[in-house]
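Asks: Pasting run06.cif here (mmCIF, C-alpha atoms and all ligand atoms):
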data_target
#
loop_
_atom_site.label_atom_id
_atom_site.label_comp_id
_atom_site.auth_asym_id
_atom_site.auth_seq_id
_atom_site.Cartn_x
_atom_site.Cartn_y
_atom_site.Cartn_z
CA MET A 1 -11.08 19.79 23.90
CA PRO A 2 -11.07 22.82 21.55
CA ASP A 3 -14.10 25.12 21.67
CA ASP A 4 -14.93 24.52 18.03
CA LEU A 5 -15.59 20.83 18.68
CA ILE A 6 -17.98 21.63 21.52
CA ARG A 7 -19.77 24.04 19.23
CA LEU A 8 -20.13 21.42 16.50
CA SER A 9 -21.46 18.82 18.93
CA ASP A 10 -24.14 21.24 20.07
CA ASP A 11 -25.47 21.60 16.56
CA PRO A 12 -27.81 18.67 15.81
CA ALA A 13 -27.62 19.40 12.07
CA ASN A 14 -23.86 18.90 12.06
CA ASN A 15 -22.53 15.41 12.68
CA ARG A 16 -18.86 16.37 12.21
CA TYR A 17 -18.09 16.03 15.93
CA ALA A 18 -19.09 12.36 16.10
CA TRP A 19 -17.30 11.68 12.83
CA ARG A 20 -14.11 13.32 14.06
CA VAL A 21 -14.03 11.39 17.34
CA GLN A 22 -14.40 8.10 15.47
CA ARG A 23 -11.86 8.97 12.83
CA GLU A 24 -9.18 10.13 15.24
CA GLU A 25 -9.54 6.86 17.16
CA ARG A 26 -8.89 4.99 13.95
CA GLU A 27 -6.03 7.28 12.92
CA ALA A 28 -4.18 6.19 16.08
CA PHE A 29 -4.54 2.56 14.94
CA PRO A 30 -5.52 2.77 11.30
CA HIS A 31 -5.77 -1.01 10.96
CA ARG A 32 -8.30 -2.90 12.98
CA HIS A 33 -6.04 -5.48 14.57
CA VAL A 34 -2.94 -4.98 16.64
CA TRP A 35 -0.84 -7.27 14.51
CA ARG A 36 -1.71 -5.21 11.47
CA SER A 37 -0.80 -2.06 13.36
CA ASN A 38 2.56 -3.57 14.28
CA MET A 39 3.10 -4.59 10.71
CA ARG A 40 2.33 -1.06 9.60
CA ARG A 41 4.94 0.34 12.02
CA ARG A 42 7.48 -2.13 10.67
CA VAL A 43 6.63 -1.18 7.11
CA HIS A 44 6.97 2.51 7.97
CA GLY A 45 10.29 1.84 9.77
CA THR A 46 11.62 -0.15 6.85
CA ALA A 47 10.44 2.44 4.38
CA ALA A 48 12.08 5.22 6.41
CA ALA A 49 15.38 3.30 6.50
CA ALA A 50 15.15 2.62 2.77
CA LYS A 51 14.42 6.28 2.20
CA ARG A 52 17.55 7.36 4.06
CA LEU A 53 19.66 4.91 2.09
CA ILE A 54 18.37 5.74 -1.32
CA ASN A 55 18.50 9.46 -0.65
CA ARG A 56 22.26 9.06 -0.65
CA ALA A 57 22.42 7.28 -3.96
CA GLU A 58 22.91 9.09 -7.21
CA LYS A 59 20.31 7.00 -9.02
CA VAL A 60 17.59 8.23 -6.68
CA ARG A 61 17.92 11.67 -8.19
CA ARG A 62 16.64 10.19 -11.45
CA ARG A 63 13.72 8.60 -9.60
CA PHE A 64 12.95 11.93 -7.93
CA GLU A 65 12.71 13.33 -11.42
CA ASP A 66 10.33 10.52 -12.39
CA ALA A 67 8.17 11.29 -9.35
CA LEU A 68 8.12 14.96 -10.24
CA ASP A 69 7.54 14.46 -13.94
CA LEU A 70 4.07 15.96 -13.83
CA GLY A 71 1.82 15.87 -16.88
CA LEU A 72 -1.59 17.25 -17.82
CA THR A 73 -4.33 14.93 -19.04
CA GLU A 74 -7.35 16.38 -20.77
CA LEU A 75 -10.53 14.34 -20.31
CA ARG A 76 -13.82 14.85 -22.10
CA PHE A 77 -16.97 13.15 -20.84
CA SER A 78 -20.26 13.38 -22.69
CA PHE A 79 -23.57 12.44 -20.98
CA PRO A 80 -27.09 12.55 -22.43
CA ASP A 81 -28.54 13.60 -19.05
CA LEU A 82 -26.08 16.39 -18.20
CA PRO A 83 -28.11 19.59 -17.65
CA PRO A 84 -27.42 21.82 -20.69
CA ALA A 85 -26.27 24.70 -18.45
CA PHE A 86 -23.25 22.53 -17.56
CA ASP A 87 -22.28 21.74 -21.17
CA GLY A 88 -18.62 22.73 -21.37
CA TYR A 89 -18.15 22.82 -17.57
CA ARG A 90 -14.47 22.30 -16.68
CA ILE A 91 -13.23 20.54 -13.56
CA LEU A 92 -9.59 20.51 -12.50
CA HIS A 93 -8.82 17.24 -10.70
CA LEU A 94 -5.88 17.16 -8.27
CA THR A 95 -5.16 14.13 -6.11
CA ASP A 96 -2.44 12.45 -4.04
CA LEU A 97 -0.21 15.47 -3.68
CA HIS A 98 1.62 14.06 -0.61
CA LEU A 99 3.00 17.58 -0.14
CA ASP A 100 5.19 16.72 2.86
CA ASN A 101 7.10 13.98 1.03
CA ILE A 102 8.88 15.83 -1.78
CA GLU A 103 9.42 19.49 -0.94
CA SER A 104 9.18 20.81 -4.48
CA THR A 105 5.78 19.18 -5.20
CA ALA A 106 3.80 22.28 -4.15
CA ALA A 107 5.80 24.65 -6.37
CA LEU A 108 5.66 22.27 -9.34
CA THR A 109 1.89 21.83 -8.99
CA ALA A 110 1.27 25.55 -8.52
CA GLY A 111 3.32 26.29 -11.63
CA LEU A 112 1.32 23.84 -13.75
CA VAL A 113 -2.17 24.80 -12.58
CA SER A 114 -1.58 28.55 -12.71
CA ASP A 115 -1.76 28.31 -16.52
CA LEU A 116 -5.13 26.51 -16.48
CA LYS A 117 -8.64 27.92 -16.30
CA ALA A 118 -11.50 25.81 -14.97
CA ASP A 119 -14.89 26.28 -13.34
CA LEU A 120 -14.20 24.05 -10.35
CA CYS A 121 -11.26 22.27 -8.70
CA VAL A 122 -11.68 18.96 -6.85
CA LEU A 123 -9.06 17.56 -4.47
CA THR A 124 -9.58 13.83 -3.96
CA GLY A 125 -7.36 13.24 -0.95
CA ASP A 126 -3.86 12.38 0.25
CA ILE A 127 -2.83 15.99 0.57
CA ARG A 128 -0.22 14.81 3.05
CA ASP A 129 1.98 11.74 3.42
CA ASN A 130 2.59 11.37 7.16
CA ILE A 131 -0.73 11.32 9.03
CA HIS A 132 1.00 11.82 12.40
CA ALA A 133 3.17 14.84 11.45
CA PRO A 134 2.19 18.42 12.40
CA THR A 135 -0.52 19.83 10.14
CA GLY A 136 0.81 23.38 9.73
CA PRO A 137 3.58 22.85 7.15
CA VAL A 138 1.41 20.82 4.79
CA ILE A 139 -1.42 23.37 5.02
CA GLU A 140 1.06 26.14 4.20
CA ARG A 141 2.17 24.24 1.07
CA LEU A 142 -1.44 23.51 0.12
CA GLY A 143 -2.18 27.22 0.46
CA ARG A 144 0.44 27.95 -2.21
CA VAL A 145 -1.29 25.53 -4.58
CA ILE A 146 -4.77 26.87 -3.83
CA SER A 147 -3.73 30.51 -4.33
CA SER A 148 -2.44 29.67 -7.82
CA LEU A 149 -5.79 28.25 -9.00
CA LYS A 150 -8.09 30.06 -11.43
CA VAL A 151 -11.48 28.50 -10.73
CA ALA A 152 -14.73 30.47 -10.67
CA ASP A 153 -16.77 28.06 -8.52
CA GLY A 154 -14.05 27.33 -5.96
CA VAL A 155 -12.45 24.18 -4.59
CA ILE A 156 -14.06 21.06 -3.14
CA GLY A 157 -12.00 18.64 -1.04
CA ILE A 158 -12.22 15.20 0.53
CA LEU A 159 -9.80 13.23 2.72
CA GLY A 160 -7.57 10.33 1.72
CA ASN A 161 -6.13 7.56 3.87
CA HIS A 162 -2.97 9.61 4.54
CA ASP A 163 -4.96 12.68 5.67
CA SER A 164 -6.09 13.45 9.20
CA ALA A 165 -9.37 14.77 10.60
CA ALA A 166 -7.39 17.70 12.02
CA MET A 167 -6.87 18.97 8.46
CA VAL A 168 -10.56 19.65 7.78
CA GLU A 169 -10.84 23.02 9.51
CA PRO A 170 -7.50 24.44 8.25
CA MET A 171 -8.48 23.37 4.72
CA GLU A 172 -11.83 25.12 5.12
CA GLU A 173 -9.95 28.24 6.26
CA LEU A 174 -8.12 28.12 2.91
CA GLY A 175 -11.56 28.39 1.27
CA ILE A 176 -11.90 24.70 0.38
CA ARG A 177 -15.43 23.29 0.72
CA MET A 178 -14.82 19.98 2.50
CA LEU A 179 -17.28 17.15 1.93
CA ILE A 180 -17.24 14.55 4.71
CA ASN A 181 -19.76 11.93 3.67
CA GLU A 182 -21.96 14.75 2.39
CA SER A 183 -23.35 15.99 -0.89
CA MET A 184 -23.75 19.49 -2.26
CA THR A 185 -25.51 21.05 -5.21
CA LEU A 186 -24.03 23.33 -7.86
CA ALA A 187 -26.54 25.57 -9.60
CA ARG A 188 -26.15 27.31 -12.95
CA ASP A 189 -28.84 29.13 -14.96
CA GLY A 190 -31.61 27.43 -13.02
CA GLU A 191 -30.18 23.91 -13.48
CA CYS A 192 -28.09 21.88 -11.07
CA ILE A 193 -25.72 18.98 -10.59
CA HIS A 194 -24.79 17.25 -7.32
CA LEU A 195 -21.42 16.28 -5.89
CA THR A 196 -20.99 13.63 -3.21
CA GLY A 197 -17.72 13.67 -1.25
CA LEU A 198 -16.68 10.78 0.97
CA ASP A 199 -14.16 10.21 3.70
CA ASP A 200 -11.60 7.58 2.69
CA VAL A 201 -13.30 4.23 2.14
CA HIS A 202 -10.02 2.29 2.04
CA MET A 203 -9.53 2.56 5.83
CA TYR A 204 -12.31 4.72 7.26
CA HIS A 205 -16.08 4.91 7.46
CA THR A 206 -17.26 2.72 4.62
CA ASP A 207 -20.77 2.46 6.10
CA ASP A 208 -21.17 6.23 6.48
CA ALA A 209 -19.86 6.66 2.95
CA ALA A 210 -22.41 4.21 1.55
CA ARG A 211 -25.22 6.04 3.37
CA ALA A 212 -24.02 9.36 1.94
CA LEU A 213 -24.03 7.90 -1.58
CA ALA A 214 -27.56 6.61 -1.09
CA ALA A 215 -28.75 10.01 0.21
CA THR A 216 -27.47 11.97 -2.78
CA PRO A 217 -30.41 13.79 -4.42
CA ASP A 218 -31.77 12.52 -7.73
CA GLY A 219 -30.29 14.16 -10.81
CA PHE A 220 -26.86 14.29 -12.42
CA ALA A 221 -24.31 13.48 -9.70
CA ILE A 222 -20.53 13.15 -9.46
CA ALA A 223 -18.85 11.05 -6.76
CA LEU A 224 -15.56 12.26 -5.26
CA VAL A 225 -13.84 9.38 -3.48
CA HIS A 226 -10.19 8.86 -2.66
CA SER A 227 -10.04 5.30 -3.99
CA PRO A 228 -12.08 3.37 -6.58
CA GLU A 229 -13.40 0.92 -4.00
CA ILE A 230 -17.03 1.84 -3.65
CA VAL A 231 -18.14 1.69 -7.27
CA GLU A 232 -21.09 -0.68 -6.67
CA GLN A 233 -22.87 1.73 -4.33
CA ALA A 234 -21.85 4.86 -6.24
CA SER A 235 -23.07 3.59 -9.60
CA ILE A 236 -26.69 3.58 -8.40
CA ARG A 237 -26.99 7.39 -8.34
CA HIS A 238 -23.79 8.77 -9.88
CA ARG A 239 -22.78 9.26 -13.48
CA LEU A 240 -19.11 10.15 -12.93
CA TYR A 241 -16.64 8.90 -10.29
CA LEU A 242 -13.33 10.71 -9.75
CA CYS A 243 -10.62 9.18 -7.60
CA GLY A 244 -6.89 8.55 -7.14
CA HIS A 245 -5.07 6.57 -4.40
CA THR A 246 -3.20 4.10 -6.62
CA HIS A 247 -0.51 6.43 -8.00
CA GLY A 248 -0.92 4.55 -11.27
CA GLY A 249 0.56 1.44 -9.65
CA VAL A 250 3.72 3.28 -8.40
CA PHE A 251 6.03 0.95 -10.30
CA ASN A 252 5.16 -0.26 -13.76
CA LEU A 253 7.50 -2.82 -15.27
CA PRO A 254 7.22 -3.83 -18.92
CA GLY A 255 4.71 -6.67 -19.24
CA ARG A 256 3.71 -6.55 -15.56
CA GLY A 257 1.45 -3.49 -15.34
CA PRO A 258 0.75 -1.69 -12.06
CA MET A 259 2.78 -3.27 -9.23
CA VAL A 260 1.38 -1.48 -6.15
CA THR A 261 -2.28 -0.45 -6.22
CA GLY A 262 -3.48 -0.65 -2.59
CA LEU A 263 -6.73 -2.13 -3.92
CA LYS A 264 -8.58 -5.37 -3.34
CA ARG A 265 -7.89 -7.87 -6.09
CA LYS A 266 -11.42 -7.57 -7.50
CA ASN A 267 -10.87 -3.80 -7.99
CA ARG A 268 -7.50 -3.96 -9.71
CA ARG A 269 -9.11 -3.28 -13.07
CA LEU A 270 -9.84 0.19 -11.65
CA ALA A 271 -6.19 0.89 -10.80
CA ARG A 272 -5.61 3.63 -13.35
CA GLY A 273 -7.21 5.60 -16.11
CA LEU A 274 -10.67 5.35 -17.56
CA TRP A 275 -13.17 2.65 -16.61
CA ARG A 276 -16.90 1.98 -16.54
CA HIS A 277 -19.21 0.39 -14.01
CA GLY A 278 -22.78 0.01 -15.23
CA GLU A 279 -24.03 3.42 -16.35
CA MET A 280 -21.26 5.21 -14.44
CA VAL A 281 -17.94 6.22 -15.93
CA GLY A 282 -14.88 6.68 -13.71
CA TYR A 283 -11.35 7.93 -13.87
CA THR A 284 -8.54 6.88 -11.54
CA ASN A 285 -6.01 9.69 -11.68
CA ARG A 286 -2.33 8.72 -11.24
CA GLY A 287 -1.89 11.51 -8.70
CA ILE A 288 0.69 14.24 -8.37
CA GLY A 289 3.16 13.25 -5.66
CA ALA A 290 4.74 10.09 -4.30
CA SER A 291 4.12 8.25 -1.03
CA LEU A 292 6.74 6.96 1.45
CA VAL A 293 9.66 6.35 -0.92
CA PRO A 294 9.78 9.43 -3.18
CA SER A 295 9.84 7.48 -6.39
CA ARG A 296 7.74 6.33 -9.31
CA LEU A 297 8.71 4.13 -12.20
CA GLY A 298 6.89 4.05 -15.51
CA THR A 299 3.95 6.10 -14.25
CA GLN A 300 4.05 9.84 -14.63
CA GLY A 301 2.39 12.21 -12.17
CA GLU A 302 -0.91 13.59 -13.46
CA VAL A 303 -3.21 16.61 -13.25
CA GLY A 304 -6.63 16.05 -14.82
CA LEU A 305 -8.57 18.74 -16.68
CA ILE A 306 -12.08 17.45 -17.29
CA THR A 307 -14.71 18.94 -19.59
CA LEU A 308 -18.33 17.81 -19.26
CA HIS A 309 -20.52 17.77 -22.36
CA GLN A 310 -24.20 17.20 -22.93
CA GLY A 311 -24.71 14.65 -25.72
CA PRO A 312 -24.40 10.98 -26.67
CA PRO A 313 -22.27 8.96 -24.20
CA GLU A 314 -18.65 9.40 -25.18
CA THR A 315 -15.28 9.72 -23.48
CA ALA A 316 -11.90 10.98 -24.63
CA VAL A 317 -8.57 10.97 -22.79
CA VAL A 318 -5.85 13.15 -24.26
CA PRO A 319 -2.44 13.33 -22.55
CA LEU A 320 -0.99 16.79 -23.18
FE FE A 401 -1.78 8.65 -2.26
#
Take the structure in this file and express it as structure tokens.
Replies:
Amino acid sequence: MPDDLIRLSDDPANNRYAWRVQREEREAFPHRHVWRSNMRRRVHGTAAAAKRLINRAEKVRRRFEDALDLGLTELRFSFPDLPPAFDGYRILHLTDLHLDNIESTAALTAGLVSDLKADLCVLTGDIRDNIHAPTGPVIERLGRVISSLKVADGVIGILGNHDSAAMVEPMEELGIRMLINESMTLARDGECIHLTGLDDVHMYHTDDAARALAATPDGFAIALVHSPEIVEQASIRHRLYLCGHTHGGVFNLPGRGPMVTGLKRKNRRLARGLWRHGEMVGYTNRGIGASLVPSRLGTQGEVGLITLHQGPPETAVVPL
């Protein structure tokens, strides 16, 4: 066992050790039942075979281009209760990079974000694609993206269902503030807002996540969650919910809408773009990269640039 884990377990204020032990057990068998685990292996095997086949085909090059067709979406959210010191605060939202799937994703992302200025960057999970692959190469690619950012208040990260617990410390070494079922406070001119960051609720730690949401301090709060599957609990204390996970449905055929969302049926309305739940507004970002098969159809990759405003409730989404 590495020394750092022993150190964490000795600190009663830090529950990361217990969290990591539980998560790594689940990473070995991400689904609860053996038959589901077997099915997952078959799906991965089939996907890998399909990937080899389509990599040889000329038409896949066009789909690679679709997957890498990255766009910028400007989002403006206005809230009556936003502390005035945060009027005009800009948040760069990056999600679902899957950096180990398509090699050029890191360079493309770094090129796009290097032209943008924001106060804060949030990474809402799925930095990697293969949870069982070595961590080093994906951290090296993430480092290239992080070093291209121009954000005064730094970077906050959470994990997605493709990410591993072993990524937390290397990401923190890149200067990313990781939130694992925790909240933090951002202060500006004597006023503050809170951010709650959860481990993936699609496959891991839903109960811990719900407790973290409930423990968020009163005041203006933003939830950072990989998928839009915990909106009920989040809407009690949060005004804005930022997530990804769905890749905009991966394949969108005319008249059919998003084909692959990875969401429960009741949450499919949250599969992409802007939505509301009670007093909370949310945005499901289409994500940057592609998962398993390096392809998208009818859903462009997306970087979100959010501006918060203090004023009457209003939202605007402007693809650039
Ligand atoms: Fe993803």
Asks: Which residues are near A:Thr196? Cut-off 12 Å, all atoms listed in the file, ignore same chain within fewer than 2 positions. Put them as a ChimeraX atom specification.
Replies: /A:122,124,156-158,177-186,193-194,198-199,209-218,220-226,234,237-242
Asks: Kindly provide the residues of chain A that approach ligand FE 401 (chain A) to within 12 Å, each paired with its closest atom pair and their distance in Å to one decimal, based on all atoms listed in the file, listed by chain and increasing number, as JSON lines.
Replies:
{"residue": "A:Leu94", "atom": "CA", "partner": "A:FE401", "partner_atom": "FE", "distance": 11.2}
{"residue": "A:Thr95", "atom": "CA", "partner": "A:FE401", "partner_atom": "FE", "distance": 7.5}
{"residue": "A:Asp96", "atom": "CA", "partner": "A:FE401", "partner_atom": "FE", "distance": 4.2}
{"residue": "A:Leu97", "atom": "CA", "partner": "A:FE401", "partner_atom": "FE", "distance": 7.1}
{"residue": "A:His98", "atom": "CA", "partner": "A:FE401", "partner_atom": "FE", "distance": 6.6}
{"residue": "A:Leu99", "atom": "CA", "partner": "A:FE401", "partner_atom": "FE", "distance": 10.3}
{"residue": "A:Asp100", "atom": "CA", "partner": "A:FE401", "partner_atom": "FE", "distance": 11.8}
{"residue": "A:Asn101", "atom": "CA", "partner": "A:FE401", "partner_atom": "FE", "distance": 10.9}
{"residue": "A:Leu123", "atom": "CA", "partner": "A:FE401", "partner_atom": "FE", "distance": 11.7}
{"residue": "A:Thr124", "atom": "CA", "partner": "A:FE401", "partner_atom": "FE", "distance": 9.5}
{"residue": "A:Gly125", "atom": "CA", "partner": "A:FE401", "partner_atom": "FE", "distance": 7.3}
{"residue": "A:Asp126", "atom": "CA", "partner": "A:FE401", "partner_atom": "FE", "distance": 5.0}
{"residue": "A:Ile127", "atom": "CA", "partner": "A:FE401", "partner_atom": "FE", "distance": 7.9}
{"residue": "A:Arg128", "atom": "CA", "partner": "A:FE401", "partner_atom": "FE", "distance": 8.3}
{"residue": "A:Asp129", "atom": "CA", "partner": "A:FE401", "partner_atom": "FE", "distance": 7.5}
{"residue": "A:Asn130", "atom": "CA", "partner": "A:FE401", "partner_atom": "FE", "distance": 10.7}
{"residue": "A:Ile131", "atom": "CA", "partner": "A:FE401", "partner_atom": "FE", "distance": 11.6}
{"residue": "A:Leu159", "atom": "CA", "partner": "A:FE401", "partner_atom": "FE", "distance": 10.5}
{"residue": "A:Gly160", "atom": "CA", "partner": "A:FE401", "partner_atom": "FE", "distance": 7.2}
{"residue": "A:Asn161", "atom": "CA", "partner": "A:FE401", "partner_atom": "FE", "distance": 7.6}
{"residue": "A:His162", "atom": "CA", "partner": "A:FE401", "partner_atom": "FE", "distance": 7.0}
{"residue": "A:Asp163", "atom": "CA", "partner": "A:FE401", "partner_atom": "FE", "distance": 9.4}
{"residue": "A:Asp200", "atom": "CA", "partner": "A:FE401", "partner_atom": "FE", "distance": 11.0}
{"residue": "A:His202", "atom": "CA", "partner": "A:FE401", "partner_atom": "FE", "distance": 11.3}
{"residue": "A:His226", "atom": "CA", "partner": "A:FE401", "partner_atom": "FE", "distance": 8.4}
{"residue": "A:Ser227", "atom": "CA", "partner": "A:FE401", "partner_atom": "FE", "distance": 9.1}
{"residue": "A:Cys243", "atom": "CA", "partner": "A:FE401", "partner_atom": "FE", "distance": 10.3}
{"residue": "A:Gly244", "atom": "CA", "partner": "A:FE401", "partner_atom": "FE", "distance": 7.1}
{"residue": "A:His245", "atom": "CA", "partner": "A:FE401", "partner_atom": "FE", "distance": 4.4}
{"residue": "A:Thr246", "atom": "CA", "partner": "A:FE401", "partner_atom": "FE", "distance": 6.5}
{"residue": "A:His247", "atom": "CA", "partner": "A:FE401", "partner_atom": "FE", "distance": 6.3}
{"residue": "A:Gly248", "atom": "CA", "partner": "A:FE401", "partner_atom": "FE", "distance": 9.9}
{"residue": "A:Gly249", "atom": "CA", "partner": "A:FE401", "partner_atom": "FE", "distance": 10.6}
{"residue": "A:Val250", "atom": "CA", "partner": "A:FE401", "partner_atom": "FE", "distance": 9.8}
{"residue": "A:Val260", "atom": "CA", "partner": "A:FE401", "partner_atom": "FE", "distance": 11.3}
{"residue": "A:Thr261", "atom": "CA", "partner": "A:FE401", "partner_atom": "FE", "distance": 9.9}
{"residue": "A:Gly262", "atom": "CA", "partner": "A:FE401", "partner_atom": "FE", "distance": 9.5}
{"residue": "A:Leu263", "atom": "CA", "partner": "A:FE401", "partner_atom": "FE", "distance": 12.0}
{"residue": "A:Thr284", "atom": "CA", "partner": "A:FE401", "partner_atom": "FE", "distance": 11.6}
{"residue": "A:Asn285", "atom": "CA", "partner": "A:FE401", "partner_atom": "FE", "distance": 10.4}
{"residue": "A:Arg286", "atom": "CA", "partner": "A:FE401", "partner_atom": "FE", "distance": 9.0}
{"residue": "A:Gly287", "atom": "CA", "partner": "A:FE401", "partner_atom": "FE", "distance": 7.0}
{"residue": "A:Ile288", "atom": "CA", "partner": "A:FE401", "partner_atom": "FE", "distance": 8.6}
{"residue": "A:Gly289", "atom": "CA", "partner": "A:FE401", "partner_atom": "FE", "distance": 7.6}
{"residue": "A:Ala290", "atom": "CA", "partner": "A:FE401", "partner_atom": "FE", "distance": 7.0}
{"residue": "A:Ser291", "atom": "CA", "partner": "A:FE401", "partner_atom": "FE", "distance": 6.0}
{"residue": "A:Leu292", "atom": "CA", "partner": "A:FE401", "partner_atom": "FE", "distance": 9.4}
{"residue": "A:Val293", "atom": "CA", "partner": "A:FE401", "partner_atom": "FE", "distance": 11.7}
{"residue": "A:Pro294", "atom": "CA", "partner": "A:FE401", "partner_atom": "FE", "distance": 11.6}
{"residue": "A:Gly301", "atom": "CA", "partner": "A:FE401", "partner_atom": "FE", "distance": 11.3}
Asks: Atom CA of A:Thr73 to atom CA of A:Pro319: how many Å, to one decimal?
Replies: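 Going from atom CA of A:Thr73 over to atom CA of A:Pro319 covers 4.3 Å.
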Asks: Let me make sure I understand: among A:Val113, A:Ala316, A:Ala133, A:Cys121, which one has the smallest atom-to-atom distance to A:Val145 if we use all atoms listed in the file?
Replies: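 Closest to A:Val145, using all atoms listed in the file: A:Val113.
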Asks: Provide the atom CA of A:Arg26 to atom CA of A:Ala166 distance in Å, to one decimal place.
Replies: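 Separating atom CA of A:Arg26 from atom CA of A:Ala166 is a distance of 12.9 Å.
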Asks: Which residues are close to stretch 115-120 of chain A, i.e. within 7 Å by all atoms listed in the file, leaving aside same-chain residues fewer than 2 positions away? Reply as a list in words.
Replies: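 Those residues are Tyr89, Arg90, Ile91, Leu92, Leu112, Val113, Val122, Lys150, Val151, Ala152, Asp153, Gly154 and Val155 of chain A.
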Asks: Using the selection just defined, write its residues with C-alpha atoms as a short mmCIF file (atom, residue, chain, number, x, y, z; two decimals), in the coordinates of the input.
Replies:
data_model
loop_
_atom_site.label_atom_id
_atom_site.label_comp_id
_atom_site.auth_asym_id
_atom_site.auth_seq_id
_atom_site.Cartn_x
_atom_site.Cartn_y
_atom_site.Cartn_z
CA TYR A 89 -18.15 22.82 -17.57
CA ARG A 90 -14.47 22.30 -16.68
CA ILE A 91 -13.23 20.54 -13.56
CA LEU A 92 -9.59 20.51 -12.50
CA LEU A 112 1.32 23.84 -13.75
CA VAL A 113 -2.17 24.80 -12.58
CA VAL A 122 -11.68 18.96 -6.85
CA LYS A 150 -8.09 30.06 -11.43
CA VAL A 151 -11.48 28.50 -10.73
CA ALA A 152 -14.73 30.47 -10.67
CA ASP A 153 -16.77 28.06 -8.52
CA GLY A 154 -14.05 27.33 -5.96
CA VAL A 155 -12.45 24.18 -4.59
#
Asks: When distances are computed from all atoms listed in the file, which of A:Leu75, A:Val231, A:Ala107, A:Met39 shows the smallest separation from A:Leu142?
Replies: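 Closest to A:Leu142 of all the choices is A:Ala107.
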Asks: Counting all atoms listed in the file, figure out which residue out of A:Glu279, A:Asp69, A:Glu173, A:Asp207 gets nearest to A:Arg296.
Replies: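 Ranked by minimum distance to A:Arg296, first place goes to A:Asp69.
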Asks: Record the distance separating atom CA of A:Pro134 and atom CA of A:Ser104, expressed in Å with one decimal.
Replies: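 Separation of atom CA of A:Pro134 and atom CA of A:Ser104: 18.4 Å.
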Asks: Taking only C-alpha atoms into account, which of A:His277, A:His132, A:Gly219, A:Arg20 comes nearest A:Glu191?
Replies: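 Among A:His277, A:His132, A:Gly219, A:Arg20, it is A:Gly219 that comes nearest to A:Glu191.
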Asks: For a quick check of understanding, using only C-alpha atoms, which of A:Ala85, A:Ala110, A:Ala49, A:Ile102 has the smallest distance to A:Val303?
Replies: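 Checking each of A:Ala85, A:Ala110, A:Ala49, A:Ile102 against A:Val303, counting only C-alpha atoms, the winner is A:Ala110.
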Asks: Which is closer to A:Glu25 than all the others in A:Tyr204, A:Phe86, A:Phe251, A:Phe79, using only C-alpha atoms?
Replies: A:Tyr204
